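J.: Handing you this structure, nothing more for now.
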Amino acid sequence: MKVVDMHCDTISKLLRAEDEGNIANLRDNDFDIDIKKMIKGDYLLQNFAMFVPYGGNPNPEKDCLRLIDKYYREIEANIDSIRPVFSYQDIEDNMNEGKMSAMLTLEEGGVVFNDLAMLRNYYRLGVRMITLTWNFPNGIGYPNFVPKDKADTSIDRYSMLRTVNETDGLTPFGIEYIKEMERLGIIIDVSHLGDKGFYDVFENTTKPFVASHSNARSVQGVARNLKDDMIRKLASRGGVMGINYCTDFIDDEGGSIEGIIKHIDHIVSIAGIDCIGLGSDFDGIKKRDELSDASKMNDLRVALAKHGYSGEDIDKIFYKNVLRVYKEVLR
């Protein structure tokens, strides 16, 4: 079994621990992901998101660059086990040498401050996937739910998650941005992006794109999940969606492995097996009883097999579908 995971927030947790004077590293920690857990889970590649809260943040670019520095310091300290990738050939080279791969991604495309020169500089720093928005509007576009007014205590988080933003799409700069991403070879990630923004991406690009950590809205009706038409369009482009293990995005019963498989079953029924990948959101979600960390991935494989999925189908979900997209988009 091999695992490719399109999204985690581990670097943010490591940097936060460092800033607070606590000892934590990528080799061995109490978080969801570390080198030892990934080896046990038979990981091939992990995307590491540089998560930068944008709304009200006075220094998002500085925060992003500090995260990138932390990412490279941790990779350099563990170069015997995991190596950064900048091209698809790097992934193959690491596989041939028995090493895991790490991909640098951004979870907040607005850190370029409406300047494509900054986008190109992030590419030079090694960024190979960008989640266009997080939970706040930026110069690129709008998130997939209407952000809660902090002064309005009548709206709880659960209600907010179900308030779908269907009207606000990409800005004119956002259209330029995604076209430059395609030219450079940066994978476009539409998780967190509003519905109209999704269609703007679909209509203004030609290559596969991804929803790195999103599930099916028909199964769990929250804005962070994709509606069926979006899933079909993603699949028609050859794109992939990474199944998110966050309980809020799975069901209202605690987000079990069976709940995850309900999403997979639905996606297969409407769009086929080739558009499904994994996007755990590890270290960005609360601890789970099942699939509690990177070492437990075989539990999902066993459950899928019991549900009648073939070995080839499971391999597609676990790594082959995502690698196909990476091979087509990365340079």
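As shown in the structure tokens, the chain order sets the letters A, B, ...; within each chain, residues go from 1, and ligands are also counted from 1 in the order they appear.
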Which residues come within 12 Å of Ile79 of chain A, counting only C-alpha atoms, excluding same-chain residues fewer than 6 positions away, as a short mmCIF file (atom, residue, chain, number, x, y, z; two decimals) with all heavy atoms, in the first residue's frame?

T.:
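That gives us part_11.cif:
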data_model
loop_
_atom_site.label_atom_id
_atom_site.label_comp_id
_atom_site.auth_asym_id
_atom_site.auth_seq_id
_atom_site.Cartn_x
_atom_site.Cartn_y
_atom_site.Cartn_z
N LEU A 26 9.41 17.07 13.04
CA LEU A 26 8.73 16.22 12.07
C LEU A 26 9.10 14.75 12.23
O LEU A 26 8.35 13.88 11.79
CB LEU A 26 9.05 16.70 10.65
CG LEU A 26 8.26 16.06 9.51
CD1 LEU A 26 6.76 16.30 9.68
CD2 LEU A 26 8.73 16.59 8.16
N ARG A 27 10.20 14.46 12.87
CA ARG A 27 10.62 13.07 13.04
C ARG A 27 9.68 12.30 13.95
O ARG A 27 9.27 11.18 13.63
CB ARG A 27 12.05 13.03 13.60
CG ARG A 27 12.57 11.65 13.99
CD ARG A 27 12.82 10.75 12.83
NE ARG A 27 13.84 11.29 11.93
CZ ARG A 27 14.31 10.65 10.87
NH1 ARG A 27 13.84 9.45 10.56
NH2 ARG A 27 15.22 11.20 10.09
N ILE A 35 7.35 11.59 10.74
CA ILE A 35 8.06 10.64 9.88
C ILE A 35 7.76 9.20 10.28
O ILE A 35 7.47 8.34 9.42
CB ILE A 35 9.58 10.89 9.92
CG1 ILE A 35 9.93 12.29 9.39
CG2 ILE A 35 10.33 9.81 9.14
CD1 ILE A 35 9.64 12.49 7.93
N TYR A 71 9.29 24.57 7.09
CA TYR A 71 9.15 23.39 6.23
C TYR A 71 10.52 22.90 5.76
O TYR A 71 10.86 21.71 5.92
CB TYR A 71 8.27 23.75 5.03
CG TYR A 71 8.30 22.78 3.87
CD1 TYR A 71 7.53 21.63 3.87
CD2 TYR A 71 9.09 23.04 2.74
CE1 TYR A 71 7.54 20.75 2.79
CE2 TYR A 71 9.10 22.18 1.66
CZ TYR A 71 8.33 21.04 1.69
OH TYR A 71 8.36 20.17 0.62
N TYR A 72 11.32 23.79 5.23
CA TYR A 72 12.62 23.36 4.71
C TYR A 72 13.57 22.93 5.82
O TYR A 72 14.36 21.99 5.64
CB TYR A 72 13.24 24.46 3.85
CG TYR A 72 12.69 24.46 2.44
CD1 TYR A 72 11.96 25.55 1.96
CD2 TYR A 72 12.88 23.38 1.59
CE1 TYR A 72 11.43 25.55 0.68
CE2 TYR A 72 12.35 23.37 0.30
CZ TYR A 72 11.64 24.46 -0.15
OH TYR A 72 11.11 24.44 -1.43
N ARG A 73 13.50 23.58 6.98
CA ARG A 73 14.36 23.14 8.09
C ARG A 73 14.01 21.72 8.53
O ARG A 73 14.90 20.91 8.82
CB ARG A 73 14.22 24.11 9.27
CG ARG A 73 14.98 25.42 9.07
CD ARG A 73 15.01 26.23 10.35
NE ARG A 73 13.74 26.88 10.64
CZ ARG A 73 13.15 26.88 11.84
NH1 ARG A 73 13.71 26.22 12.86
NH2 ARG A 73 12.01 27.51 12.02
N ASN A 94 12.60 9.78 -5.95
CA ASN A 94 12.50 9.47 -4.53
C ASN A 94 11.94 8.06 -4.32
O ASN A 94 12.42 7.32 -3.44
CB ASN A 94 11.62 10.49 -3.82
CG ASN A 94 12.25 11.87 -3.75
OD1 ASN A 94 13.46 12.01 -3.94
ND2 ASN A 94 11.45 12.88 -3.49
N GLY A 98 13.74 4.80 -2.41
CA GLY A 98 13.12 4.38 -1.16
C GLY A 98 12.86 5.52 -0.19
O GLY A 98 12.77 5.28 1.02
N LYS A 99 12.69 6.74 -0.71
CA LYS A 99 12.44 7.90 0.14
C LYS A 99 11.01 8.40 -0.07
O LYS A 99 10.46 8.31 -1.16
CB LYS A 99 13.41 9.04 -0.18
CG LYS A 99 14.88 8.64 -0.20
CD LYS A 99 15.35 8.15 1.15
CE LYS A 99 16.85 7.81 1.10
NZ LYS A 99 17.31 7.22 2.39
N MET A 100 10.44 8.95 0.98
CA MET A 100 9.16 9.63 0.85
C MET A 100 9.37 11.01 0.22
O MET A 100 10.47 11.55 0.25
CB MET A 100 8.50 9.79 2.23
CG MET A 100 8.04 8.49 2.84
SD MET A 100 7.19 8.72 4.44
CE MET A 100 8.57 9.22 5.48
N SER A 101 8.30 11.56 -0.34
CA SER A 101 8.35 12.88 -0.95
C SER A 101 7.50 13.87 -0.17
O SER A 101 6.50 13.51 0.43
CB SER A 101 7.85 12.82 -2.40
OG SER A 101 8.74 12.10 -3.23
N ALA A 102 7.92 15.13 -0.21
CA ALA A 102 7.18 16.22 0.41
C ALA A 102 6.92 17.29 -0.64
O ALA A 102 7.84 17.67 -1.37
CB ALA A 102 7.96 16.81 1.58
#

J.: For segment 166-222 of chain A against segment 228-250 of chain A, with a cut-off of 6 Å and counting only C-alpha atoms, what is the closest atom pair and its distance in Å to one decimal for every residue that makes the cut, ordered by chain and number, as a tab-separated table?

T.:
residue	atom	partner	partner_atom	distance
A:Pro208	CA	A:Gly239	CA	4.5
A:Phe209	CA	A:Gly239	CA	4.9
A:Val210	CA	A:Val240	CA	4.9
A:Ala211	CA	A:Met241	CA	4.5
A:Ser212	CA	A:Gly242	CA	4.7
A:His213	CA	A:Gly242	CA	4.7
A:Ser214	CA	A:Asn244	CA	5.4
A:Asn215	CA	A:Ile243	CA	5.5
A:Gln220	CA	A:Ile250	CA	5.9

J.: Store the residues picked out above, limited to N, CA, C and O atoms, as a PDB file, in the first residue's frame.

T.:
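Wrote it out as result.pdb, contents follow:
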ATOM      1  N   PRO A 208      -5.983  19.610 -15.606  1.00  0.00           N
ATOM      2  CA  PRO A 208      -6.654  19.119 -14.404  1.00  0.00           C
ATOM      3  C   PRO A 208      -6.368  20.031 -13.211  1.00  0.00           C
ATOM      4  O   PRO A 208      -5.275  20.591 -13.094  1.00  0.00           O
ATOM      5  N   PHE A 209      -7.350  20.175 -12.338  1.00  0.00           N
ATOM      6  CA  PHE A 209      -7.159  20.863 -11.068  1.00  0.00           C
ATOM      7  C   PHE A 209      -7.711  19.977  -9.967  1.00  0.00           C
ATOM      8  O   PHE A 209      -8.260  18.894 -10.239  1.00  0.00           O
ATOM      9  N   VAL A 210      -7.554  20.377  -8.713  1.00  0.00           N
ATOM     10  CA  VAL A 210      -7.935  19.508  -7.601  1.00  0.00           C
ATOM     11  C   VAL A 210      -8.776  20.267  -6.584  1.00  0.00           C
ATOM     12  O   VAL A 210      -8.759  21.500  -6.526  1.00  0.00           O
ATOM     13  N   ALA A 211      -9.508  19.501  -5.787  1.00  0.00           N
ATOM     14  CA  ALA A 211     -10.075  19.976  -4.530  1.00  0.00           C
ATOM     15  C   ALA A 211      -9.371  19.142  -3.466  1.00  0.00           C
ATOM     16  O   ALA A 211      -9.748  18.000  -3.212  1.00  0.00           O
ATOM     17  N   SER A 212      -8.327  19.686  -2.887  1.00  0.00           N
ATOM     18  CA  SER A 212      -7.372  18.863  -2.135  1.00  0.00           C
ATOM     19  C   SER A 212      -7.945  18.230  -0.883  1.00  0.00           C
ATOM     20  O   SER A 212      -7.493  17.171  -0.462  1.00  0.00           O
ATOM     21  N   HIS A 213      -8.956  18.875  -0.267  1.00  0.00           N
ATOM     22  CA  HIS A 213      -9.525  18.310   0.962  1.00  0.00           C
ATOM     23  C   HIS A 213     -11.000  18.696   1.079  1.00  0.00           C
ATOM     24  O   HIS A 213     -11.389  19.520   1.879  1.00  0.00           O
ATOM     25  N   SER A 214     -11.818  18.055   0.233  1.00  0.00           N
ATOM     26  CA  SER A 214     -13.265  18.308   0.193  1.00  0.00           C
ATOM     27  C   SER A 214     -14.016  17.007  -0.069  1.00  0.00           C
ATOM     28  O   SER A 214     -13.504  16.126  -0.771  1.00  0.00           O
ATOM     29  N   ASN A 215     -15.239  16.926   0.448  1.00  0.00           N
ATOM     30  CA  ASN A 215     -16.079  15.744   0.272  1.00  0.00           C
ATOM     31  C   ASN A 215     -17.306  16.077  -0.572  1.00  0.00           C
ATOM     32  O   ASN A 215     -17.336  17.088  -1.255  1.00  0.00           O
ATOM     33  N   GLN A 220     -23.063  15.058   2.856  1.00  0.00           N
ATOM     34  CA  GLN A 220     -23.031  15.940   4.029  1.00  0.00           C
ATOM     35  C   GLN A 220     -23.118  17.375   3.528  1.00  0.00           C
ATOM     36  O   GLN A 220     -22.193  17.887   2.899  1.00  0.00           O
TER      37      GLN A 220
END

J.: Find the residues around Ile188 of chain A up to 8 Å (only C-alpha atoms counted), leave out those fewer than 6 positions away in its own chain, and share them as a compact mmCIF listing (two decimals) with all heavy atoms, in the first residue's frame.

T.:
# COMPACT_ATOMS: atom_id res chain seq x y z
N MET A 129 1.45 23.69 -5.32
CA MET A 129 -0.02 23.67 -5.27
C MET A 129 -0.46 24.84 -4.42
O MET A 129 0.18 25.15 -3.41
CB MET A 129 -0.55 22.35 -4.69
CG MET A 129 -2.08 22.29 -4.59
SD MET A 129 -2.71 20.80 -3.75
CE MET A 129 -2.28 19.53 -4.93
N ILE A 130 -1.57 25.49 -4.82
CA ILE A 130 -2.10 26.61 -4.04
C ILE A 130 -3.61 26.48 -3.90
O ILE A 130 -4.34 26.38 -4.90
CB ILE A 130 -1.76 27.96 -4.70
CG1 ILE A 130 -0.24 28.17 -4.78
CG2 ILE A 130 -2.40 29.11 -3.90
CD1 ILE A 130 0.17 29.46 -5.47
N THR A 131 -4.07 26.47 -2.64
CA THR A 131 -5.49 26.60 -2.35
C THR A 131 -5.83 28.08 -2.49
O THR A 131 -5.31 28.91 -1.75
CB THR A 131 -5.80 26.12 -0.91
OG1 THR A 131 -5.19 24.85 -0.70
CG2 THR A 131 -7.28 26.03 -0.67
N LEU A 132 -6.69 28.41 -3.45
CA LEU A 132 -6.85 29.81 -3.86
C LEU A 132 -7.34 30.72 -2.74
O LEU A 132 -6.88 31.86 -2.61
CB LEU A 132 -7.82 29.89 -5.05
CG LEU A 132 -7.36 29.16 -6.32
CD1 LEU A 132 -8.42 29.31 -7.41
CD2 LEU A 132 -6.00 29.65 -6.80
N ILE A 178 -4.88 32.25 -11.99
CA ILE A 178 -4.95 30.81 -12.29
C ILE A 178 -4.32 30.50 -13.64
O ILE A 178 -3.75 29.41 -13.82
CB ILE A 178 -6.40 30.29 -12.21
CG1 ILE A 178 -7.32 31.01 -13.21
CG2 ILE A 178 -6.93 30.40 -10.78
CD1 ILE A 178 -8.72 30.41 -13.28
N MET A 181 -0.71 30.28 -12.92
CA MET A 181 -0.45 29.02 -12.23
C MET A 181 -0.30 27.88 -13.24
O MET A 181 0.62 27.07 -13.16
CB MET A 181 -1.56 28.70 -11.23
CG MET A 181 -1.54 29.53 -9.97
SD MET A 181 -2.91 29.12 -8.84
CE MET A 181 -2.47 27.46 -8.31
N GLU A 182 -1.22 27.81 -14.20
CA GLU A 182 -1.14 26.77 -15.22
C GLU A 182 0.15 26.89 -16.03
O GLU A 182 0.80 25.88 -16.33
CB GLU A 182 -2.34 26.85 -16.16
CG GLU A 182 -3.58 26.18 -15.64
CD GLU A 182 -4.52 25.75 -16.75
OE1 GLU A 182 -4.64 26.46 -17.76
OE2 GLU A 182 -5.13 24.66 -16.61
N PHE A 209 -7.35 20.18 -12.34
CA PHE A 209 -7.16 20.86 -11.07
C PHE A 209 -7.71 19.98 -9.97
O PHE A 209 -8.26 18.89 -10.24
CB PHE A 209 -7.80 22.26 -11.08
CG PHE A 209 -9.27 22.28 -11.38
CD1 PHE A 209 -10.21 22.28 -10.37
CD2 PHE A 209 -9.73 22.33 -12.70
CE1 PHE A 209 -11.57 22.32 -10.64
CE2 PHE A 209 -11.09 22.37 -12.99
CZ PHE A 209 -12.01 22.36 -11.96
N VAL A 210 -7.55 20.38 -8.71
CA VAL A 210 -7.94 19.51 -7.60
C VAL A 210 -8.78 20.27 -6.58
O VAL A 210 -8.76 21.50 -6.53
CB VAL A 210 -6.70 18.91 -6.88
CG1 VAL A 210 -5.80 18.18 -7.87
CG2 VAL A 210 -5.92 19.97 -6.11

J.: DSSP on the backbone: which residues in segment 194-299 of chain A end up as strand (DSSP E)? Give the answer as a list in words.

T.: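 Of segment 194-299 of chain A, only Val210, Ala211, Val240, Met241, Gly242, Ile243, Ile276, Gly277 and Leu278 of chain A fall in strand (DSSP E).
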
J.: Selection from above, N, CA, C and O atoms, as a short mmCIF file (atom, residue, chain, number, x, y, z; two decimals), in the first residue's frame, can you write it?

T.:
data_model
loop_
_atom_site.label_atom_id
_atom_site.label_comp_id
_atom_site.auth_asym_id
_atom_site.auth_seq_id
_atom_site.Cartn_x
_atom_site.Cartn_y
_atom_site.Cartn_z
N VAL A 210 -7.55 20.38 -8.71
CA VAL A 210 -7.94 19.51 -7.60
C VAL A 210 -8.78 20.27 -6.58
O VAL A 210 -8.76 21.50 -6.53
N ALA A 211 -9.51 19.50 -5.79
CA ALA A 211 -10.08 19.98 -4.53
C ALA A 211 -9.37 19.14 -3.47
O ALA A 211 -9.75 18.00 -3.21
N VAL A 240 -8.95 15.67 -9.45
CA VAL A 240 -9.10 14.76 -8.31
C VAL A 240 -9.54 15.55 -7.09
O VAL A 240 -9.12 16.69 -6.87
N MET A 241 -10.40 14.95 -6.27
CA MET A 241 -10.76 15.51 -4.98
C MET A 241 -10.24 14.62 -3.87
O MET A 241 -10.32 13.40 -3.94
N GLY A 242 -9.64 15.25 -2.85
CA GLY A 242 -9.07 14.51 -1.74
C GLY A 242 -10.07 14.38 -0.61
O GLY A 242 -10.52 15.39 -0.05
N ILE A 243 -10.42 13.16 -0.26
CA ILE A 243 -11.39 12.92 0.82
C ILE A 243 -10.84 13.47 2.13
O ILE A 243 -9.73 13.14 2.55
N ILE A 276 -11.04 10.36 -7.33
CA ILE A 276 -10.97 10.32 -5.87
C ILE A 276 -9.53 10.13 -5.41
O ILE A 276 -8.80 9.27 -5.91
N GLY A 277 -9.13 10.95 -4.44
CA GLY A 277 -7.85 10.81 -3.77
C GLY A 277 -8.04 11.00 -2.28
O GLY A 277 -9.16 10.92 -1.76
N LEU A 278 -6.95 11.27 -1.58
CA LEU A 278 -6.99 11.48 -0.14
C LEU A 278 -6.50 12.88 0.19
O LEU A 278 -5.51 13.34 -0.37
#

J.: Skip Ser87 of chain A itself and residues of its chain fewer than 6 positions away, then list as a list in words all residues within 9 Å of it, counting only C-alpha atoms.

T.: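 Counting only the stated atoms, we get Arg128, Gly185, Tyr326, Lys327, Leu330 and Arg331 of chain A.
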
J.: Where does DSSP see helix (DSSP H, G or I) in segment 147-228 of chain A, if you list the residues as a list of chain:residue names?

T.: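 Answer for segment 147-228 of chain A, restricted to helix (DSSP H, G or I): A:Arg157, A:Tyr158, A:Ser159, A:Met160, A:Leu161, A:Pro172, A:Phe173, A:Gly174, A:Ile175, A:Glu176, A:Tyr177, A:Ile178, A:Lys179, A:Glu180, A:Met181, A:Glu182, A:Arg183, A:Leu184, A:Asp195, A:Lys196, A:Gly197, A:Phe198, A:Tyr199, A:Asp200, A:Val201, A:Phe202, A:Glu203, A:Asp228.
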